[in-house]
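Enquirer: Just input_34.cif, nothing more (mmCIF, C-alpha atoms):
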data_run
loop_
_atom_site.label_atom_id
_atom_site.label_comp_id
_atom_site.auth_asym_id
_atom_site.auth_seq_id
_atom_site.Cartn_x
_atom_site.Cartn_y
_atom_site.Cartn_z
CA GLY T 1 60.30 -19.28 38.32
CA ALA T 2 63.11 -17.76 36.34
CA GLY T 3 61.33 -17.87 33.00
CA VAL T 4 58.24 -19.05 31.16
CA SER T 5 57.88 -22.83 31.26
CA GLN T 6 55.73 -25.04 29.07
CA THR T 7 54.72 -28.66 29.42
CA PRO T 8 54.94 -31.07 27.82
CA SER T 9 57.92 -30.20 25.65
CA ASN T 10 56.72 -32.69 23.04
CA LYS T 11 53.31 -34.25 22.45
CA VAL T 12 52.41 -36.88 19.89
CA THR T 13 48.75 -37.68 19.47
CA GLU T 14 46.40 -39.27 17.02
CA LYS T 15 43.95 -37.43 14.81
CA GLY T 16 40.69 -36.85 16.63
CA LYS T 17 42.16 -36.90 20.14
CA TYR T 18 41.99 -34.13 22.75
CA VAL T 19 45.17 -32.43 24.01
CA GLU T 20 46.02 -29.91 26.70
CA LEU T 21 49.12 -27.76 26.65
CA ARG T 22 50.23 -25.95 29.79
CA CYS T 23 52.03 -22.65 30.28
CA ASP T 24 53.55 -21.29 33.50
CA PRO T 25 54.32 -17.59 33.04
CA ILE T 26 56.95 -15.60 34.86
CA SER T 27 55.77 -15.02 38.41
CA GLY T 28 53.87 -11.74 38.73
CA HIS T 29 53.26 -11.28 35.02
CA THR T 30 49.63 -10.36 34.43
CA ALA T 31 49.60 -10.78 30.65
CA LEU T 32 49.90 -14.13 28.90
CA TYR T 33 49.97 -14.88 25.19
CA TRP T 34 49.68 -18.01 23.08
CA TYR T 35 51.19 -18.30 19.60
CA ARG T 36 51.76 -21.20 17.27
CA GLN T 37 54.59 -21.61 14.82
CA SER T 38 54.51 -23.94 11.86
CA LEU T 39 57.71 -25.14 10.24
CA GLY T 40 59.45 -22.36 8.34
CA GLN T 41 56.94 -19.73 9.46
CA GLY T 42 56.91 -16.92 11.94
CA PRO T 43 54.74 -17.29 15.06
CA GLU T 44 51.01 -16.73 14.62
CA PHE T 45 49.02 -15.07 17.42
CA LEU T 46 46.27 -17.15 19.01
CA ILE T 47 45.04 -15.50 22.21
CA TYR T 48 46.01 -12.93 24.85
CA PHE T 49 44.98 -12.94 28.53
CA GLN T 50 44.99 -9.99 30.88
CA GLY T 51 44.64 -11.57 34.31
CA THR T 52 41.99 -14.28 34.16
CA GLY T 53 40.14 -12.96 31.14
CA ALA T 54 40.82 -13.41 27.45
CA ALA T 55 41.30 -9.85 26.20
CA ASP T 56 41.77 -10.89 22.57
CA ASP T 57 41.00 -14.36 21.20
CA SER T 58 40.81 -13.29 17.58
CA GLY T 59 43.65 -15.59 16.55
CA LEU T 60 42.03 -18.87 17.59
CA PRO T 61 41.52 -20.67 14.28
CA ASN T 62 38.19 -22.33 15.12
CA ASP T 63 36.03 -23.56 17.98
CA ARG T 64 38.18 -26.65 18.50
CA PHE T 65 40.69 -24.38 20.23
CA PHE T 66 40.05 -23.02 23.69
CA ALA T 67 42.28 -21.53 26.39
CA VAL T 68 41.77 -20.79 30.07
CA ARG T 69 43.64 -19.00 32.82
CA PRO T 70 41.39 -19.49 35.85
CA GLU T 71 43.61 -17.99 38.54
CA GLY T 72 45.47 -15.47 36.47
CA SER T 73 48.74 -17.36 36.36
CA VAL T 74 48.96 -20.80 34.72
CA SER T 75 47.18 -21.15 31.38
CA THR T 76 46.02 -24.23 29.49
CA LEU T 77 45.46 -24.35 25.76
CA LYS T 78 42.96 -27.05 24.86
CA ILE T 79 42.53 -28.55 21.41
CA GLN T 80 39.60 -30.85 20.69
CA ARG T 81 39.35 -33.34 17.82
CA THR T 82 42.91 -32.70 16.74
CA GLU T 83 43.73 -32.59 13.03
CA ARG T 84 47.04 -33.16 11.26
CA GLY T 85 47.08 -29.44 10.39
CA ASP T 86 47.28 -28.61 14.10
CA SER T 87 50.85 -29.93 14.17
CA ALA T 88 53.09 -27.04 15.12
CA VAL T 89 55.12 -25.60 17.97
CA TYR T 90 52.82 -23.87 20.45
CA LEU T 91 54.56 -20.95 22.13
CA CYS T 92 53.54 -19.17 25.29
CA ALA T 93 54.76 -15.74 26.35
CA SER T 94 54.14 -13.43 29.28
CA SER T 95 54.69 -9.78 30.09
CA LEU T 96 54.46 -7.82 33.32
CA HIS T 97 51.49 -5.55 32.70
CA GLY T 98 50.45 -6.24 29.13
CA THR T 99 51.20 -2.73 27.94
CA TYR T 100 52.33 -1.87 24.43
CA GLN T 101 55.78 -0.89 25.62
CA GLU T 102 56.71 -4.23 27.14
CA THR T 103 58.77 -7.11 25.90
CA GLN T 104 57.03 -10.46 25.73
CA TYR T 105 59.10 -13.26 27.27
CA PHE T 106 58.72 -16.60 25.55
CA GLY T 107 58.83 -20.16 26.78
CA PRO T 108 60.57 -23.01 24.92
CA GLY T 109 57.32 -24.17 23.33
CA THR T 110 55.42 -27.44 23.06
CA ARG T 111 55.99 -29.34 19.86
CA LEU T 112 52.68 -31.00 18.90
CA LEU T 113 52.56 -33.73 16.30
CA VAL T 114 49.19 -35.08 15.20
CA LEU T 115 49.45 -38.39 13.37
CA LYS A 116 46.49 -5.75 7.08
CA GLN A 117 50.01 -5.59 8.48
CA GLU A 118 52.61 -7.66 6.65
CA VAL A 119 56.20 -8.09 7.78
CA THR A 120 58.95 -9.13 5.39
CA GLN A 121 62.51 -10.09 6.24
CA ILE A 122 65.40 -10.09 3.82
CA PRO A 123 67.51 -12.09 3.28
CA ALA A 124 65.84 -15.39 4.16
CA ALA A 125 69.23 -16.93 4.83
CA LEU A 126 72.74 -15.61 5.26
CA SER A 127 76.11 -17.31 5.68
CA VAL A 128 79.13 -15.25 6.66
CA PRO A 129 82.66 -15.85 7.95
CA GLU A 130 83.39 -15.11 11.58
CA GLY A 131 84.26 -11.47 12.33
CA GLU A 132 82.15 -9.95 9.59
CA ASN A 133 79.72 -7.13 10.28
CA LEU A 134 76.26 -7.79 8.92
CA VAL A 135 72.83 -6.25 8.48
CA LEU A 136 69.46 -7.96 8.62
CA ASN A 137 66.45 -6.18 7.15
CA CYS A 138 62.81 -6.03 8.18
CA SER A 139 60.05 -4.13 6.40
CA PHE A 140 56.40 -3.64 7.34
CA THR A 141 53.46 -2.34 5.35
CA ASP A 142 51.53 -0.37 8.00
CA SER A 143 53.58 2.32 9.73
CA ALA A 144 51.02 2.71 12.53
CA ILE A 145 52.90 0.56 15.02
CA TYR A 146 53.62 0.88 18.73
CA ASN A 147 56.93 -0.92 18.70
CA LEU A 148 59.16 -3.32 16.85
CA GLN A 149 61.12 -6.15 18.36
CA TRP A 150 63.96 -8.32 17.18
CA PHE A 151 64.07 -11.88 18.50
CA ARG A 152 66.53 -14.73 18.22
CA GLN A 153 65.41 -18.33 17.87
CA ASP A 154 67.74 -21.28 18.31
CA PRO A 155 66.74 -24.69 16.87
CA GLY A 156 64.27 -26.47 19.13
CA LYS A 157 64.19 -23.58 21.57
CA GLY A 158 61.97 -20.65 22.31
CA LEU A 159 62.36 -17.04 21.33
CA THR A 160 64.72 -14.65 23.05
CA SER A 161 64.01 -10.94 22.83
CA LEU A 162 67.10 -9.03 21.66
CA LEU A 163 65.95 -5.44 21.25
CA LEU A 164 62.67 -3.57 21.61
CA ILE A 165 62.29 -0.22 19.84
CA GLN A 166 59.34 1.97 20.76
CA SER A 167 57.66 3.87 17.92
CA SER A 168 59.06 7.13 19.26
CA GLN A 169 62.63 5.83 19.15
CA ARG A 170 64.99 5.52 16.22
CA GLU A 171 67.42 2.93 17.52
CA GLN A 172 68.40 0.66 20.37
CA THR A 173 71.77 -0.88 21.17
CA SER A 174 72.78 -3.90 23.21
CA GLY A 175 76.39 -5.01 23.08
CA ARG A 176 77.30 -5.89 19.49
CA LEU A 177 73.70 -5.44 18.35
CA ASN A 178 72.14 -2.25 17.06
CA ALA A 179 68.58 -1.99 15.76
CA SER A 180 67.19 1.01 13.92
CA LEU A 181 63.63 1.95 13.12
CA ASP A 182 62.30 4.22 10.38
CA LYS A 183 58.53 4.19 10.82
CA SER A 184 57.77 6.46 7.88
CA SER A 185 59.46 4.13 5.41
CA GLY A 186 58.36 0.96 7.21
CA ARG A 187 61.86 -0.38 7.76
CA SER A 188 64.07 -1.68 10.52
CA THR A 189 67.58 -3.05 10.41
CA LEU A 190 69.48 -5.21 12.86
CA TYR A 191 73.21 -4.64 12.73
CA ILE A 192 75.50 -7.29 14.19
CA ALA A 193 79.10 -6.26 14.67
CA ALA A 194 82.05 -8.65 14.64
CA SER A 195 79.88 -11.74 14.18
CA GLN A 196 80.72 -14.94 16.08
CA PRO A 197 79.73 -18.59 15.51
CA GLY A 198 77.50 -18.32 18.58
CA ASP A 199 75.40 -15.76 16.71
CA SER A 200 74.18 -18.53 14.40
CA ALA A 201 70.41 -18.67 14.79
CA THR A 202 67.20 -17.48 13.17
CA TYR A 203 66.46 -13.79 13.71
CA LEU A 204 62.82 -12.74 13.73
CA CYS A 205 61.32 -9.29 13.50
CA ALA A 206 57.91 -8.60 15.05
CA VAL A 207 55.78 -5.44 15.08
CA GLY A 208 53.26 -4.44 17.73
CA PRO A 209 50.06 -2.84 16.46
CA ASN A 210 48.61 0.36 17.83
CA ALA A 211 44.89 -0.32 18.10
CA GLY A 212 42.81 -0.67 21.26
CA ASN A 213 43.10 -3.94 23.09
CA ASN A 214 45.30 -5.47 20.45
CA ARG A 215 48.53 -6.88 21.82
CA LYS A 216 49.32 -9.39 19.12
CA LEU A 217 52.71 -9.30 17.49
CA ILE A 218 52.89 -9.66 13.70
CA TRP A 219 55.96 -11.58 12.64
CA GLY A 220 58.25 -11.94 9.69
CA LEU A 221 59.46 -15.34 8.53
CA GLY A 222 62.95 -14.72 9.87
CA THR A 223 66.50 -14.67 8.58
CA SER A 224 68.52 -17.82 9.16
CA LEU A 225 72.08 -16.79 9.99
CA ALA A 226 75.14 -19.05 9.89
CA VAL A 227 78.46 -17.64 11.09
CA ASN A 228 81.30 -19.90 10.03
CA PRO A 229 84.48 -20.24 12.10
#
Can I see the file as structure tokens?
Expert:
Amino acid sequence: GAGVSQTPSNKVTEKGKYVELRCDPISGHTALYWYRQSLGQGPEFLIYFQGTGAADDSGLPNDRFFAVRPEGSVSTLKIQRTERGDSAVYLCASSLHGTYQETQYFGPGTRLLVL
Amino acid sequence: KQEVTQIPAALSVPEGENLVLNCSFTDSAIYNLQWFRQDPGKGLTSLLLIQSSQREQTSGRLNASLDKSSGRSTLYIAASQPGDSATYLCAVGPNAGNNRKLIWGLGTSLAVNP
């Protein structure tokens, strides 16, 4: 595709439920990143994939958060037992090789609201 | 721990004015610095990427400078237009090992008034 796409664009769920957020990176990009952005804040790094493997998951806040990228393209961010504090915009980005010199291209985000 | 600060938090200017947005960071050991634009309800658009070995980058009416030793970057917008209204975010890329995370400022909210 032309850019990074994310689905759904909006998700409303109840506290305690499980949610999955999907990211389709730019075709051919080997690196994929997840961030989350709370209202009035800058994005906060969650996890970075190089191919199918998570190269850095140091930003995942706790074990309720998990992300996969089984075929090295599409990625799913999974949140178990959602809490109201998980409400944020979840942003996905991709880059061609995952080198330091590259720009990360961002999707429009998924706005998650936990009631 | 790297911290990124952006000043001012908000800025309102009349159309046509030249303006400067500021970004400062506490750890000068960075690989690059990027300026992004964020429109309400939309994702982030990369504007300029400056590698640590560079001092500035230009794209159209935008010019970004980087002074690693002092931990500062500026984004200069010439002849501002109402379409420039958005939040501008600065992000730094660290220089260690497998680390690819970007560390972000809180942004400067810009309003350009017709």
Enquirer: If you count all atoms listed in the file, which residues fall within 12 Å of Gly158 in chain A, apart from same-chain ones fewer than 6 positions away, as a count of residues only?
Expert: 28
Enquirer: Using Å and a single decimal, report how far CA of Leu39 in chain T sits from CA of Ser58 in chain T.
Expert: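 Taking CA of Ser58 in chain T and CA of Leu39 in chain T, their separation equals 21.9 Å.
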Enquirer: Can you tell me, as a CSV table (one decimal) with C-alpha atoms, in the frame of the given file, what residues are no more than 9 Å from Gly98 in chain T when counting all atoms listed in the file, ignoring any on the same chain fewer than 5 positions away?
Expert:
chain,number,residue,atom,x,y,z
T,29,HIS,CA,53.3,-11.3,35.0
T,30,THR,CA,49.6,-10.4,34.4
T,31,ALA,CA,49.6,-10.8,30.6
T,32,LEU,CA,49.9,-14.1,28.9
T,49,PHE,CA,45.0,-12.9,28.5
T,50,GLN,CA,45.0,-10.0,30.9
T,103,THR,CA,58.8,-7.1,25.9
T,104,GLN,CA,57.0,-10.5,25.7
A,215,ARG,CA,48.5,-6.9,21.8
Enquirer: Show me the residues close to (68.2, -4.4, 11.9) - anything with an atom within 8 Å, counting only C-alpha atoms - and format the list as JSON, numbers by chain.
Expert: {"A": [135, 136, 137, 138, 150, 178, 179, 180, 181, 188, 189, 190, 191]}
Enquirer: Identify which of the residues A:Leu148, A:Ala193, A:Cys205, A:Leu221 lies closest to chain T, counting only C-alpha atoms when measuring atom-to-atom distances.
Expert: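 Using only C-alpha atoms, chain T sits closest to A:Leu221.
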Enquirer: Just checking: using all atoms listed in the file, which residue out of A:Trp219, A:Thr160, A:Pro197, A:Leu177 ends up closest to Gln117 in chain A?
Expert: A:Trp219
Enquirer: Where does the PyMOL selection byres ((chain A) within 8 of (chain T)) land in this file, that is, which residues does it pick, as a list in words?
Expert: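 Output of the PyMOL selection byres ((chain A) within 8 of (chain T)): Tyr146, Asn147, Gln149, Gly156, Lys157, Gly158, Leu159, Thr160, Ser161, Leu164, Gln166, Leu204, Gly208, Asn210, Asn213, Asn214, Arg215, Lys216, Leu217, Ile218, Trp219, Gly220, Leu221 and Gly222 of chain A.
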Enquirer: Evaluate the PyMOL selection byres ((chain T and resi 76) around 6) against this structure - the residues, as a VMD selection string, please.
Expert: chain T and resid 21 to 22 67 to 68 75 77
Enquirer: One number please: CA of Gln196 in chain A to CA of Leu163 in chain A, in Å, one decimal.
Expert: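 Atom-to-atom, CA of Gln196 in chain A and CA of Leu163 in chain A are spaced 18.3 Å apart.
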Enquirer: Would you mind reading off the distance between CA of Ser200 in chain A and CA of Gln169 in chain A, one decimal, in Å?
Expert: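 Computing it gives 27.4 Å between the two atoms.
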Enquirer: Determine the residue membership of the PyMOL selection byres ((chain A and resi 194) around 6) for the file above and supply it as a PyMOL selection string.
Expert: chain A and resi 131-133+193+195
Enquirer: With distances taken over all atoms listed in the file, which of T:Leu60, T:Gly51, T:Val74, T:Val114 is nearest to Thr7 in chain T?
Expert: T:Val74
Enquirer: Give me, as a list of chain:residue names, all polymer residues having an atom no more than 8 Å from Lys17 in chain T, counting all atoms listed in the file and skipping those fewer than 5 positions away in the same chain.
Expert: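 These residues fall inside the cut-off: T:Gln80, T:Arg81, T:Thr82.
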Enquirer: Take the selection from the previous step and output its residues with C-alpha atoms, as a short mmCIF file (atom, residue, chain, number, x, y, z; two decimals), in the frame of the given file.
Expert:
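Result saved to result-v2.cif:
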data_model
loop_
_atom_site.label_atom_id
_atom_site.label_comp_id
_atom_site.auth_asym_id
_atom_site.auth_seq_id
_atom_site.Cartn_x
_atom_site.Cartn_y
_atom_site.Cartn_z
CA GLN T 80 39.60 -30.85 20.69
CA ARG T 81 39.35 -33.34 17.82
CA THR T 82 42.91 -32.70 16.74
#
Enquirer: Ranking T:Gly85, T:Phe65, T:Thr52, T:Ser73 by minimum distance to Asp24 in chain T and counting only C-alpha atoms, which one comes first?
Expert: T:Ser73
